[in-house]
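What's in protein_23.tsv: TSV, C-alpha atoms and all ligand atoms
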```
chain	number	residue	atom	x	y	z
R	36	MET	CA	-115.49	-71.63	-31.86
R	37	LYS	CA	-119.16	-72.09	-32.70
R	38	LEU	CA	-120.09	-73.42	-36.15
R	39	SER	CA	-122.02	-70.20	-36.83
R	40	GLU	CA	-118.82	-68.18	-36.37
R	41	MET	CA	-116.72	-70.52	-38.42
R	42	GLY	CA	-118.85	-70.87	-41.54
R	43	GLU	CA	-119.52	-73.98	-43.59
R	44	ASP	CA	-116.64	-73.99	-46.04
R	45	ARG	CA	-113.95	-73.54	-43.43
R	46	PHE	CA	-115.48	-76.23	-41.29
R	47	LEU	CA	-115.80	-78.66	-44.20
R	48	ALA	CA	-112.13	-78.11	-45.01
R	49	GLU	CA	-111.27	-79.01	-41.39
R	50	LEU	CA	-113.43	-82.11	-41.62
R	51	ARG	CA	-111.93	-83.23	-44.87
R	52	GLU	CA	-108.43	-83.19	-43.40
R	53	ARG	CA	-109.48	-85.69	-40.75
R	54	ILE	CA	-110.77	-88.31	-43.13
R	55	PRO	CA	-108.07	-90.72	-44.25
R	56	ASP	CA	-107.49	-91.77	-47.84
R	57	PRO	CA	-109.77	-94.66	-48.78
R	58	SER	CA	-108.71	-98.21	-49.59
R	59	SER	CA	-108.41	-99.59	-53.10
R	60	HIS	CA	-112.08	-100.71	-53.11
R	61	VAL	CA	-113.03	-97.05	-53.46
R	62	THR	CA	-112.74	-95.92	-57.07
R	63	LEU	CA	-113.86	-92.38	-56.24
R	64	GLY	CA	-113.70	-90.95	-52.72
R	65	ILE	CA	-114.93	-87.83	-50.96
R	66	GLY	CA	-115.15	-84.58	-52.93
R	67	ASP	CA	-117.37	-85.41	-55.87
R	68	ASP	CA	-121.17	-85.57	-56.16
R	69	ALA	CA	-121.12	-89.27	-55.34
R	70	ALA	CA	-118.57	-91.85	-54.33
R	71	GLY	CA	-117.60	-94.89	-56.40
R	72	LEU	CA	-116.97	-98.33	-54.95
R	73	ALA	CA	-115.86	-101.46	-56.76
R	74	ILE	CA	-117.79	-104.59	-55.90
R	75	PRO	CA	-115.68	-107.74	-56.37
R	76	HIS	CA	-116.87	-110.23	-58.95
R	77	GLY	CA	-119.27	-112.75	-57.49
R	78	GLU	CA	-120.37	-110.50	-54.63
R	79	SER	CA	-123.50	-108.44	-54.26
R	80	ALA	CA	-124.13	-105.20	-52.39
R	81	LEU	CA	-125.97	-104.90	-49.09
R	82	VAL	CA	-127.21	-101.46	-48.08
R	83	SER	CA	-128.69	-100.27	-44.82
R	84	THR	CA	-129.26	-97.04	-42.97
R	85	ASP	CA	-129.82	-95.99	-39.37
R	86	VAL	CA	-130.23	-92.66	-37.66
R	87	LEU	CA	-129.25	-91.63	-34.13
R	88	VAL	CA	-131.30	-88.70	-32.80
R	89	GLU	CA	-130.36	-86.61	-29.78
R	90	GLY	CA	-133.00	-87.01	-27.09
R	91	VAL	CA	-134.17	-90.33	-28.54
R	92	HIS	CA	-131.06	-92.51	-28.96
R	93	PHE	CA	-128.64	-90.48	-26.90
R	94	THR	CA	-128.26	-87.36	-24.81
R	95	ARG	CA	-125.10	-85.28	-24.42
R	96	GLN	CA	-125.02	-86.50	-20.83
R	97	THR	CA	-125.04	-90.22	-21.67
R	98	LEU	CA	-122.94	-90.21	-24.83
R	99	PRO	CA	-119.93	-87.94	-25.41
R	100	PRO	CA	-119.48	-86.86	-29.07
R	101	ARG	CA	-116.64	-89.30	-29.80
R	102	PHE	CA	-118.91	-92.19	-28.79
R	103	ILE	CA	-121.86	-90.86	-30.79
R	104	GLY	CA	-119.60	-91.19	-33.83
R	105	ARG	CA	-118.25	-94.61	-32.84
R	106	LYS	CA	-121.70	-95.96	-32.06
R	107	ALA	CA	-123.24	-94.67	-35.29
R	108	VAL	CA	-120.69	-96.74	-37.22
R	109	ALA	CA	-121.02	-99.84	-35.03
R	110	VAL	CA	-124.82	-100.09	-35.09
R	111	ASN	CA	-124.86	-99.84	-38.87
R	112	ALA	CA	-122.09	-102.42	-39.17
R	113	SER	CA	-124.19	-104.67	-36.92
R	114	ASP	CA	-126.99	-104.66	-39.51
R	115	ILE	CA	-124.52	-105.84	-42.17
R	116	ALA	CA	-123.21	-108.46	-39.71
R	117	ALA	CA	-126.76	-109.75	-39.22
R	118	MET	CA	-126.92	-110.39	-42.98
R	119	GLY	CA	-123.64	-112.28	-42.94
R	120	GLY	CA	-121.95	-109.54	-44.93
R	121	ARG	CA	-118.78	-107.52	-44.73
R	122	PRO	CA	-119.19	-103.76	-44.21
R	123	VAL	CA	-117.11	-101.78	-46.73
R	124	GLY	CA	-118.16	-98.14	-46.87
R	125	ILE	CA	-120.21	-95.57	-45.01
R	126	LEU	CA	-121.77	-92.18	-45.61
R	127	VAL	CA	-122.52	-89.87	-42.71
R	128	ALA	CA	-125.17	-87.14	-42.80
R	129	LEU	CA	-125.01	-84.82	-39.83
R	130	SER	CA	-127.55	-82.22	-38.72
R	131	VAL	CA	-126.26	-79.95	-35.97
R	132	ASN	CA	-127.36	-76.75	-34.32
R	133	VAL	CA	-125.20	-73.85	-35.53
R	134	GLU	CA	-124.54	-72.93	-31.89
R	135	THR	CA	-122.65	-76.22	-31.45
R	136	GLU	CA	-118.94	-75.92	-30.74
R	137	GLU	CA	-116.69	-76.90	-33.64
R	138	ASP	CA	-114.66	-79.17	-31.33
R	139	GLU	CA	-117.68	-81.26	-30.46
R	140	VAL	CA	-118.46	-82.02	-34.08
R	141	LEU	CA	-114.82	-82.71	-34.91
R	142	GLU	CA	-114.67	-85.10	-31.97
R	143	LEU	CA	-117.75	-86.89	-33.28
R	144	ILE	CA	-116.17	-87.19	-36.73
R	145	ASP	CA	-112.94	-88.47	-35.15
R	146	GLY	CA	-115.09	-91.15	-33.48
R	147	VAL	CA	-116.52	-92.14	-36.86
R	148	VAL	CA	-113.07	-92.19	-38.49
R	149	THR	CA	-111.46	-94.30	-35.75
R	150	ARG	CA	-114.28	-96.83	-35.55
R	151	CYS	CA	-114.28	-97.13	-39.35
R	152	SER	CA	-110.58	-97.84	-39.40
R	153	GLU	CA	-110.92	-100.43	-36.59
R	154	LEU	CA	-113.61	-102.21	-38.59
R	155	THR	CA	-111.84	-101.63	-41.96
R	156	ILE	CA	-114.70	-99.61	-43.38
R	157	ASP	CA	-114.08	-96.73	-45.80
R	158	PHE	CA	-115.58	-93.34	-45.00
R	159	VAL	CA	-116.73	-92.40	-48.50
R	160	GLY	CA	-118.87	-89.32	-48.07
R	161	GLY	CA	-121.35	-87.29	-46.16
R	162	ASN	CA	-123.43	-84.24	-45.77
R	163	LEU	CA	-123.70	-81.48	-43.23
R	164	SER	CA	-126.75	-79.41	-42.46
R	165	ALA	CA	-127.91	-76.94	-39.82
R	166	SER	CA	-130.58	-78.26	-37.46
R	167	PRO	CA	-133.03	-76.02	-35.61
R	168	GLY	CA	-133.38	-78.68	-32.92
R	169	PRO	CA	-131.63	-81.85	-31.83
R	170	MET	CA	-128.51	-83.30	-33.36
R	171	MET	CA	-129.10	-86.11	-35.86
R	172	VAL	CA	-126.48	-88.51	-37.13
R	173	SER	CA	-127.63	-90.53	-40.08
R	174	VAL	CA	-125.35	-93.25	-41.38
R	175	SER	CA	-125.79	-95.28	-44.54
R	176	ILE	CA	-123.64	-98.34	-44.88
R	177	LEU	CA	-122.66	-100.42	-47.84
R	178	GLY	CA	-121.58	-104.01	-47.41
R	179	THR	CA	-120.95	-107.00	-49.59
R	180	SER	CA	-121.90	-110.64	-49.43
R	181	LEU	CA	-121.23	-113.58	-51.67
R	182	GLU	CA	-123.78	-113.49	-54.47
R	183	GLY	CA	-127.04	-115.19	-53.54
R	184	ASN	CA	-125.67	-115.98	-50.10
R	185	MET	CA	-126.93	-113.84	-47.30
R	186	LEU	CA	-128.50	-114.44	-43.92
R	187	THR	CA	-132.08	-113.24	-43.61
R	188	ARG	CA	-134.76	-113.24	-40.93
R	189	ALA	CA	-136.91	-115.56	-43.01
R	190	GLY	CA	-135.41	-119.06	-43.00
R	191	ALA	CA	-136.13	-120.51	-39.53
R	192	ARG	CA	-137.88	-123.88	-39.49
R	193	SER	CA	-139.76	-125.60	-36.71
R	194	GLY	CA	-137.29	-127.74	-34.76
R	195	ASP	CA	-134.26	-125.49	-35.33
R	196	ALA	CA	-132.40	-124.37	-32.24
R	197	ILE	CA	-132.40	-120.67	-31.27
R	198	TYR	CA	-129.02	-119.17	-30.37
R	199	VAL	CA	-127.75	-115.84	-29.20
R	200	SER	CA	-124.16	-114.61	-29.16
R	201	GLY	CA	-122.47	-112.91	-26.21
R	202	LYS	CA	-124.22	-111.95	-23.01
R	203	LEU	CA	-127.49	-110.10	-22.57
R	204	GLY	CA	-128.53	-106.89	-20.87
R	205	ALA	CA	-125.23	-105.08	-20.28
R	206	ALA	CA	-125.99	-102.19	-22.65
R	207	ALA	CA	-129.35	-101.52	-20.96
R	208	GLU	CA	-127.74	-101.72	-17.53
R	209	GLY	CA	-125.10	-99.27	-18.77
R	210	LEU	CA	-127.79	-96.84	-19.85
R	211	ASP	CA	-129.44	-97.06	-16.41
R	212	LEU	CA	-126.09	-96.33	-14.76
R	213	LEU	CA	-125.43	-93.37	-17.06
R	214	GLN	CA	-128.86	-91.98	-16.29
R	215	GLU	CA	-128.09	-92.36	-12.59
R	216	GLY	CA	-125.07	-90.12	-13.01
R	217	MET	CA	-122.18	-92.45	-13.79
R	218	ALA	CA	-120.01	-91.10	-16.60
R	219	VAL	CA	-116.77	-91.48	-18.45
R	220	SER	CA	-114.52	-88.40	-18.43
R	221	ALA	CA	-112.92	-87.06	-21.60
R	222	ALA	CA	-109.69	-88.75	-20.46
R	223	GLY	CA	-111.50	-92.09	-20.16
R	224	ALA	CA	-111.79	-92.22	-16.34
R	225	LEU	CA	-114.95	-93.59	-14.74
R	226	LEU	CA	-116.85	-90.99	-12.69
R	227	VAL	CA	-118.99	-92.63	-10.02
R	228	PRO	CA	-121.59	-90.61	-8.06
R	229	SER	CA	-121.61	-91.23	-4.31
R	230	GLY	CA	-124.92	-93.13	-4.41
R	231	LEU	CA	-123.43	-95.83	-6.66
R	232	ARG	CA	-120.04	-96.30	-4.97
R	233	ASP	CA	-121.16	-99.33	-2.99
R	234	GLY	CA	-122.02	-101.23	-6.19
R	235	PRO	CA	-119.69	-103.47	-8.19
R	236	VAL	CA	-117.96	-100.56	-9.93
R	237	PRO	CA	-115.59	-102.54	-12.25
R	238	LEU	CA	-118.65	-104.35	-13.62
R	239	ALA	CA	-120.36	-101.00	-14.15
R	240	GLU	CA	-117.58	-99.96	-16.47
R	241	ILE	CA	-118.26	-103.01	-18.65
R	242	CYS	CA	-121.93	-101.99	-18.86
R	243	LEU	CA	-121.12	-98.40	-19.76
R	244	ARG	CA	-118.78	-99.63	-22.46
R	245	ALA	CA	-121.48	-101.98	-23.81
R	246	HIS	CA	-123.92	-99.09	-24.12
R	247	MET	CA	-121.48	-96.50	-25.44
R	248	ASP	CA	-119.28	-98.59	-27.68
R	249	PRO	CA	-121.00	-101.74	-28.93
R	250	GLU	CA	-119.11	-104.44	-30.80
R	251	PRO	CA	-120.81	-105.60	-34.01
R	252	ARG	CA	-120.48	-109.37	-34.53
R	253	ILE	CA	-119.10	-109.15	-38.05
R	254	ASP	CA	-116.88	-112.25	-37.93
R	255	LEU	CA	-119.66	-114.39	-36.47
R	256	GLY	CA	-122.16	-113.22	-39.11
R	257	GLN	CA	-119.72	-114.11	-41.88
R	258	PHE	CA	-118.95	-117.47	-40.30
R	259	LEU	CA	-122.65	-118.36	-40.06
R	260	CYS	CA	-123.26	-117.27	-43.63
R	261	LYS	CA	-120.23	-118.90	-45.27
R	262	ASN	CA	-120.80	-122.21	-43.55
R	263	GLY	CA	-124.55	-122.29	-44.00
R	264	ALA	CA	-124.74	-122.67	-40.23
R	265	ALA	CA	-127.75	-120.42	-39.63
R	266	SER	CA	-131.23	-120.72	-41.11
R	267	SER	CA	-132.15	-117.17	-40.06
R	268	CYS	CA	-130.51	-114.27	-38.26
R	269	ILE	CA	-131.20	-110.81	-36.82
R	270	ASP	CA	-129.15	-108.46	-34.65
R	271	THR	CA	-130.58	-107.56	-31.25
R	272	SER	CA	-130.99	-103.80	-31.36
R	273	ASP	CA	-134.36	-103.37	-29.69
R	274	GLY	CA	-134.27	-106.15	-27.09
R	275	LEU	CA	-134.21	-109.94	-27.33
R	276	VAL	CA	-137.98	-110.40	-27.22
R	277	ARG	CA	-138.85	-107.77	-29.78
R	278	ASP	CA	-136.17	-108.97	-32.19
R	279	LEU	CA	-137.11	-112.64	-31.69
R	280	ILE	CA	-140.73	-111.79	-32.49
R	281	ARG	CA	-139.55	-110.01	-35.66
R	282	LEU	CA	-137.48	-112.99	-36.73
R	283	CYS	CA	-140.35	-115.43	-36.04
R	284	ARG	CA	-142.79	-113.24	-37.94
R	285	GLU	CA	-140.57	-113.11	-41.04
R	286	SER	CA	-139.95	-116.87	-40.86
R	287	ARG	CA	-143.64	-117.62	-40.15
R	288	VAL	CA	-142.75	-119.73	-37.14
R	289	GLY	CA	-143.13	-119.62	-33.37
R	290	GLY	CA	-140.41	-119.94	-30.76
R	291	ARG	CA	-139.92	-121.12	-27.22
R	292	ILE	CA	-137.04	-119.78	-25.16
R	293	GLU	CA	-136.07	-120.81	-21.64
R	294	GLU	CA	-135.34	-118.44	-18.78
R	295	THR	CA	-132.70	-120.76	-17.32
R	296	ALA	CA	-130.79	-120.80	-20.62
R	297	LEU	CA	-130.53	-117.03	-21.09
R	298	PRO	CA	-126.90	-115.83	-20.90
R	299	ILE	CA	-127.56	-112.82	-18.69
R	300	HIS	CA	-124.41	-110.73	-18.32
R	301	PRO	CA	-122.80	-111.19	-14.86
R	302	ALA	CA	-122.67	-107.39	-14.49
R	303	VAL	CA	-126.45	-107.27	-14.94
R	304	LEU	CA	-126.94	-109.99	-12.32
R	305	ALA	CA	-124.75	-108.06	-9.87
R	306	TRP	CA	-126.28	-104.63	-10.40
R	307	GLU	CA	-129.87	-105.84	-10.55
R	308	ARG	CA	-129.33	-107.78	-7.30
R	309	LEU	CA	-128.27	-104.52	-5.72
R	310	ARG	CA	-131.37	-102.78	-7.09
R	311	ARG	CA	-133.54	-105.70	-5.86
R	312	ARG	CA	-134.95	-106.14	-9.35
R	313	PRO	CA	-135.16	-109.45	-11.22
R	314	PRO	CA	-132.48	-109.36	-13.96
R	315	LEU	CA	-134.78	-111.09	-16.45
R	316	GLU	CA	-136.42	-107.94	-17.76
R	317	GLN	CA	-133.10	-106.32	-18.55
R	318	ALA	CA	-132.07	-109.41	-20.53
R	319	LEU	CA	-135.38	-109.73	-22.39
R	320	SER	CA	-136.28	-106.13	-23.07
R	321	GLY	CA	-133.12	-104.09	-22.62
R	322	GLY	CA	-132.06	-103.07	-26.11
R	323	GLU	CA	-128.80	-102.29	-27.87
R	324	ASP	CA	-126.85	-105.43	-27.13
R	325	TYR	CA	-126.13	-105.79	-30.87
R	326	GLU	CA	-125.64	-109.52	-30.50
R	327	LEU	CA	-126.69	-111.96	-33.22
R	328	LEU	CA	-129.88	-113.91	-32.60
R	329	PHE	CA	-130.05	-116.81	-35.03
R	330	THR	CA	-131.53	-120.22	-35.65
R	331	SER	CA	-129.65	-123.34	-36.68
R	332	SER	CA	-130.07	-127.04	-37.21
R	333	ASP	CA	-126.34	-127.66	-37.32
R	334	GLU	CA	-124.80	-127.95	-33.88
R	335	LYS	CA	-121.66	-129.53	-35.40
R	336	ILE	CA	-120.65	-126.48	-37.43
R	337	LEU	CA	-121.27	-124.22	-34.45
R	338	GLU	CA	-118.81	-126.33	-32.47
R	339	THR	CA	-116.03	-125.28	-34.84
R	340	TRP	CA	-116.81	-121.63	-34.02
R	341	ARG	CA	-116.86	-122.38	-30.31
R	342	ASP	CA	-113.50	-124.12	-30.54
R	343	SER	CA	-111.72	-121.29	-32.28
R	344	GLU	CA	-113.32	-117.99	-31.31
R	345	ASN	CA	-114.13	-116.15	-28.16
R	346	THR	CA	-117.62	-114.80	-28.78
R	347	PRO	CA	-119.74	-117.32	-26.87
R	348	LEU	CA	-122.86	-118.82	-28.40
R	349	THR	CA	-125.73	-119.98	-26.22
R	350	ARG	CA	-128.67	-122.12	-27.18
R	351	ILE	CA	-131.66	-120.38	-25.61
R	352	GLY	CA	-134.60	-122.27	-27.11
R	353	THR	CA	-136.27	-123.97	-30.06
R	354	VAL	CA	-138.23	-122.85	-33.10
R	355	THR	CA	-141.85	-124.06	-33.01
R	356	GLU	CA	-144.89	-123.89	-35.27
R	357	ALA	CA	-146.33	-120.43	-35.86
R	358	SER	CA	-149.57	-121.39	-34.10
R	359	GLU	CA	-147.67	-121.80	-30.82
R	360	GLY	CA	-146.59	-118.15	-30.77
R	361	VAL	CA	-143.44	-116.88	-29.10
R	362	ARG	CA	-143.15	-118.13	-25.52
R	363	LEU	CA	-140.84	-118.01	-22.53
R	364	VAL	CA	-140.53	-121.01	-20.21
R	365	LEU	CA	-139.95	-119.58	-16.74
R	366	ARG	CA	-137.60	-121.06	-14.14
R	367	GLU	CA	-140.46	-122.75	-12.28
R	368	GLY	CA	-141.79	-124.37	-15.46
R	369	THR	CA	-144.72	-122.12	-16.29
R	370	GLU	CA	-144.92	-120.42	-19.68
R	371	ARG	CA	-145.54	-116.85	-20.61
R	372	GLU	CA	-146.48	-115.64	-24.06
R	373	LEU	CA	-144.11	-112.94	-25.29
R	374	THR	CA	-145.92	-110.24	-27.18
R	375	THR	CA	-144.27	-106.92	-26.44
R	376	GLY	CA	-141.28	-105.58	-24.58
R	377	GLY	CA	-138.15	-103.99	-25.85
R	378	TRP	CA	-137.79	-100.67	-27.50
R	379	ASP	CA	-140.74	-99.46	-29.55
R	380	HIS	CA	-139.64	-96.40	-31.48
R	381	PHE	CA	-143.13	-94.91	-31.62
R	382	GLN	CA	-144.69	-96.03	-28.35
R	383	THR	CA	-141.78	-95.22	-26.06
R	384	TRP	CA	-140.18	-92.22	-27.70
R	385	LYS	CA	-141.48	-89.80	-25.07
R	386	SER	CA	-139.16	-91.23	-22.44
R	387	PRO	CA	-135.80	-90.60	-24.06
R	388	ARG	CA	-133.17	-93.19	-23.46
H	401	MG	MG	-130.93	-104.85	-37.35
```

If you convert what's in this file into structure tokens, what do you get?
Amino acid sequence: MKLSEMGEDRFLAELRERIPDPSSHVTLGIGDDAAGLAIPHGESALVSTDVLVEGVHFTRQTLPPRFIGRKAVAVNASDIAAMGGRPVGILVALSVNVETEEDEVLELIDGVVTRCSELTIDFVGGNLSASPGPMMVSVSILGTSLEGNMLTRAGARSGDAIYVSGKLGAAAEGLDLLQEGMAVSAAGALLVPSGLRDGPVPLAEICLRAHMDPEPRIDLGQFLCKNGAASSCIDTSDGLVRDLIRLCRESRVGGRIEETALPIHPAVLAWERLRRRPPLEQALSGGEDYELLFTSSDEKILETWRDSENTPLTRIGTVTEASEGVRLVLREGTERELTTGGWDHFQTWKSPR
């Protein structure tokens, strides 16, 4: 049934039934004019917001509704992770065309609910409005961090090492594959168009997953923060280069990263080889990896993370003086100044991803 046939109140009642009872941190849940959350003594609140717009951040072809919901939660949780905090509650504001099928929206909300429960985040409220155009999913997230103790983009010092978690480029590769016609069926099966069947298909699935269902590095962010292991931190949403430049700007430093050190995802290497493209661009400019990019002067503490956890950390370069700018040392030893690249929300919006 279309939303226009169903009417708002009936639909809201359906929605409400799908949202589980909140945890004990929530003093007042859904149903009132605002929600209430208790912040434990000695902690302070972190707040952030992010919007996913149809035609800009996703299309119905590249992201089924359940994954729109899951991703909206994950990308917001990633911002809290980048601050070293713990995500605790979210609010979801949804604008949808009234001609949208009820099932699609319910599936999206189910995606939000499931991802929240996986990440132990309370769904504390939301808002629903008709949209004359594209669907918009706006999520606000509330997190907590120990008082006076949060990671920021601003603390890098010349001489610190630059690290990145995980592997780079898989989400961007996944988007390319989706745009070339690869898809995941409602039952979760991978649909491969004939033109892509000769490629490394199992690796393609990893890339699709990386794009559709990113994993925020919450535990790593908290580890870095609690142990004072990072001097600055940002999550890589718009591509390694763009986010490194942002971090360097806020810290008033420069940076030098090395091509040979970049942990390019093996799936990216395989697929880009097939496309006869150098994989470097995907690793540098492909966005949405949602890894943590951070600086540190304490290799010893990072070893304790490496020993006990499975998210790999790779040293990719060194913080330099601001006057040196942000540079990439290429495989053959030459240097290239990094100025742009990555996802620019205003310059590149006309070519929807
Ligand atoms: Mg961010």

How would you report the residues lying within 10 Å of ligand MG 401 (chain H), as a ChimeraX atom specification, if you count only C-alpha atoms and all ligand atoms?
/R:83-85,110-118,188,268-273,278,325-327

Once you count all atoms listed in the file, which residues end up no further than 12 Å from (-113.0, -89.9, -52.1) in the file's frame, shown as a list in words?
Arg51, Glu52, Ile54, Pro55, Asp56, Pro57, Ser58, Ser59, His60, Val61, Thr62, Leu63, Gly64, Ile65, Gly66, Asp67, Asp68, Ala69, Ala70, Gly71, Leu72, Gly124, Ile125, Leu126, Asp157, Phe158, Val159, Gly160 and Gly161 of chain R

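Checking R:Ala205, R:Leu98, R:Leu255, R:Leu143 one by one against R:Pro347, counting only C-alpha atoms, you find the shortest gap at R:Leu255.
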
Counting all atoms listed in the file, which residue out of R:Gly146, R:Gly234, R:Pro99, R:Gly201 sits closest to R:Leu309?
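The shortest atom-to-atom distance to R:Leu309 comes from R:Gly234.
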
Counting all atoms listed in the file, which residue out of R:Pro314, R:Gly274, R:Gly42, R:Gly183 sits closest to R:Glu78?
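Going through R:Pro314, R:Gly274, R:Gly42, R:Gly183 one by one, the smallest distance to R:Glu78 is for R:Gly183.
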
To one decimal in Å, tell me the separation between atom CA of R:Cys283 and atom CA of R:Ser180.
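Interatomic distance here is 23.3 Å.
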
Please report the interatomic distance between atom CA of R:Asp254 and atom CA of R:Ser193 in Å with one decimal.
26.5 Å

Separation of atom CA of R:Thr374 from atom CA of R:Val354, in Å and rounded to one decimal:
15.9 Å

Residues at most 10 Å from R:Tyr198, counting only C-alpha atoms, excluding those fewer than 3 positions away in the same chain, as a list of chain:residue names?
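Near R:Tyr198, the qualifying residues are R:Asp195, R:Gly201, R:Ala265, R:Cys268, R:Ile292, R:Leu297, R:Leu327, R:Leu328, R:Phe329, R:Thr330, R:Ser331, R:Leu348, R:Thr349, R:Arg350, R:Ile351, R:Gly352, R:Thr353.
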
Counting all atoms listed in the file, select every polymer residue within 8 Å of (-132.3, -123.9, -44.8) as defined in the file's coordinates, and provide the selection as a PyMOL selection string.
chain R and resi 190-192+263+265-266

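Shortest separation to R:Ser200 among R:Pro298, R:Gly321, R:Gly290, R:Pro237 occurs at residue R:Pro298, atoms counted being all atoms listed in the file.
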
With only C-alpha atoms counted and 10 Å as the cut-off, give the residues of stretch 102-200 of chain R in contact with stretch 87-90 of chain R, each with its shortest interatomic distance in Å and the pair that gives it, as a tab-separated table.
```
residue	atom	partner	partner_atom	distance
R:Ile103	CA	R:Leu87	CA	8.1
R:Gly104	CA	R:Leu87	CA	9.7
R:Lys106	CA	R:Leu87	CA	8.9
R:Ala107	CA	R:Leu87	CA	6.8
R:Val110	CA	R:Leu87	CA	9.6
R:Leu129	CA	R:Leu87	CA	9.8
R:Ser130	CA	R:Val88	CA	9.5
R:Val131	CA	R:Glu89	CA	10.0
R:Gly168	CA	R:Glu89	CA	9.0
R:Pro169	CA	R:Glu89	CA	5.3
R:Met170	CA	R:Glu89	CA	5.2
R:Met171	CA	R:Val88	CA	4.6
R:Val172	CA	R:Leu87	CA	5.1
R:Ser173	CA	R:Leu87	CA	6.3
R:Val174	CA	R:Leu87	CA	8.4
```

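For R:Glu208, the residues within 10 Å (counting all atoms listed in the file, excluding itself and residues fewer than 5 positions away along the chain) are Leu203, Leu213, Gln214, Ala239, Ile241, Cys242, Leu243, Ala245, His246, His300, Ala302, Val303, Leu304, Trp306, Glu307, Pro314, Gln317, Ala318, Gly321 and Gly322 of chain R.
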
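Using all atoms listed in the file, the shortest contact distance between R:Asn345 and any of R:Arg244, R:Arg252, R:His76, R:Arg45 is found at R:Arg252.
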
Option closest in space to R:Ser267, from R:Gly360, R:Pro235, R:Gly119, R:Gly77 [counting all atoms listed in the file]:
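That would be R:Gly119, the residue with the smallest distance to R:Ser267.
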
With 4 Å added on each side, what axis-aligned box encloses every listed atom of stretch 281-299 of chain R? Give the centre and edge lengths in Å to one decimal, as AutoDock Vina command-line options.
```
--center_x -135.3 --center_y -115.6 --center_z -29.2 --size_x 24.7 --size_y 19.1 --size_z 31.7
```

Neighbouring residues of R:Leu38 were defined as those with any atom within 12 Å, considering only C-alpha atoms; residues of the same chain fewer than 4 positions away were excluded. Please report them as a ChimeraX atom specification.
/R:42-47,49,130-141,163-166

Could you add the missing atoms to stretch 183-193 of chain R, up to N, CA, C and O atoms, and return them as an mmCIF file, in the coordinates of the input?
```cif
data_model
loop_
_atom_site.group_PDB
_atom_site.id
_atom_site.type_symbol
_atom_site.label_atom_id
_atom_site.label_comp_id
_atom_site.auth_asym_id
_atom_site.auth_seq_id
_atom_site.Cartn_x
_atom_site.Cartn_y
_atom_site.Cartn_z
ATOM 1 N N GLY R 183 -125.999 -114.211 -53.848
ATOM 2 C CA GLY R 183 -127.040 -115.190 -53.540
ATOM 3 C C GLY R 183 -126.851 -115.850 -52.190
ATOM 4 O O GLY R 183 -127.505 -116.841 -51.880
ATOM 5 N N ASN R 184 -125.934 -115.331 -51.371
ATOM 6 C CA ASN R 184 -125.670 -115.980 -50.100
ATOM 7 C C ASN R 184 -125.695 -114.941 -48.987
ATOM 8 O O ASN R 184 -124.695 -114.318 -48.676
ATOM 9 N N MET R 185 -126.866 -114.741 -48.442
ATOM 10 C CA MET R 185 -126.930 -113.840 -47.300
ATOM 11 C C MET R 185 -127.882 -114.399 -46.257
ATOM 12 O O MET R 185 -128.784 -115.165 -46.564
ATOM 13 N N LEU R 186 -127.622 -114.017 -45.007
ATOM 14 C CA LEU R 186 -128.500 -114.440 -43.920
ATOM 15 C C LEU R 186 -129.715 -113.532 -43.931
ATOM 16 O O LEU R 186 -129.578 -112.329 -44.090
ATOM 17 N N THR R 187 -130.894 -114.091 -43.726
ATOM 18 C CA THR R 187 -132.080 -113.240 -43.610
ATOM 19 C C THR R 187 -132.855 -113.656 -42.356
ATOM 20 O O THR R 187 -132.502 -114.622 -41.681
ATOM 21 N N ARG R 188 -133.925 -112.910 -42.091
ATOM 22 C CA ARG R 188 -134.760 -113.240 -40.930
ATOM 23 C C ARG R 188 -135.735 -114.368 -41.270
ATOM 24 O O ARG R 188 -136.455 -114.830 -40.382
ATOM 25 N N ALA R 189 -135.751 -114.779 -42.534
ATOM 26 C CA ALA R 189 -136.910 -115.560 -43.010
ATOM 27 C C ALA R 189 -136.736 -117.070 -43.086
ATOM 28 O O ALA R 189 -137.664 -117.754 -43.484
ATOM 29 N N GLY R 190 -135.586 -117.626 -42.703
ATOM 30 C CA GLY R 190 -135.410 -119.060 -43.000
ATOM 31 C C GLY R 190 -135.595 -120.042 -41.858
ATOM 32 O O GLY R 190 -135.366 -121.246 -42.027
ATOM 33 N N ALA R 191 -136.025 -119.587 -40.679
ATOM 34 C CA ALA R 191 -136.130 -120.510 -39.530
ATOM 35 C C ALA R 191 -137.207 -121.568 -39.764
ATOM 36 O O ALA R 191 -138.263 -121.268 -40.326
ATOM 37 N N ARG R 192 -136.903 -122.795 -39.356
ATOM 38 C CA ARG R 192 -137.880 -123.880 -39.490
ATOM 39 C C ARG R 192 -138.149 -124.497 -38.129
ATOM 40 O O ARG R 192 -137.247 -124.577 -37.283
ATOM 41 N N SER R 193 -139.383 -124.951 -37.965
ATOM 42 C CA SER R 193 -139.760 -125.600 -36.710
ATOM 43 C C SER R 193 -138.767 -126.716 -36.378
ATOM 44 O O SER R 193 -138.429 -127.517 -37.248
#
```
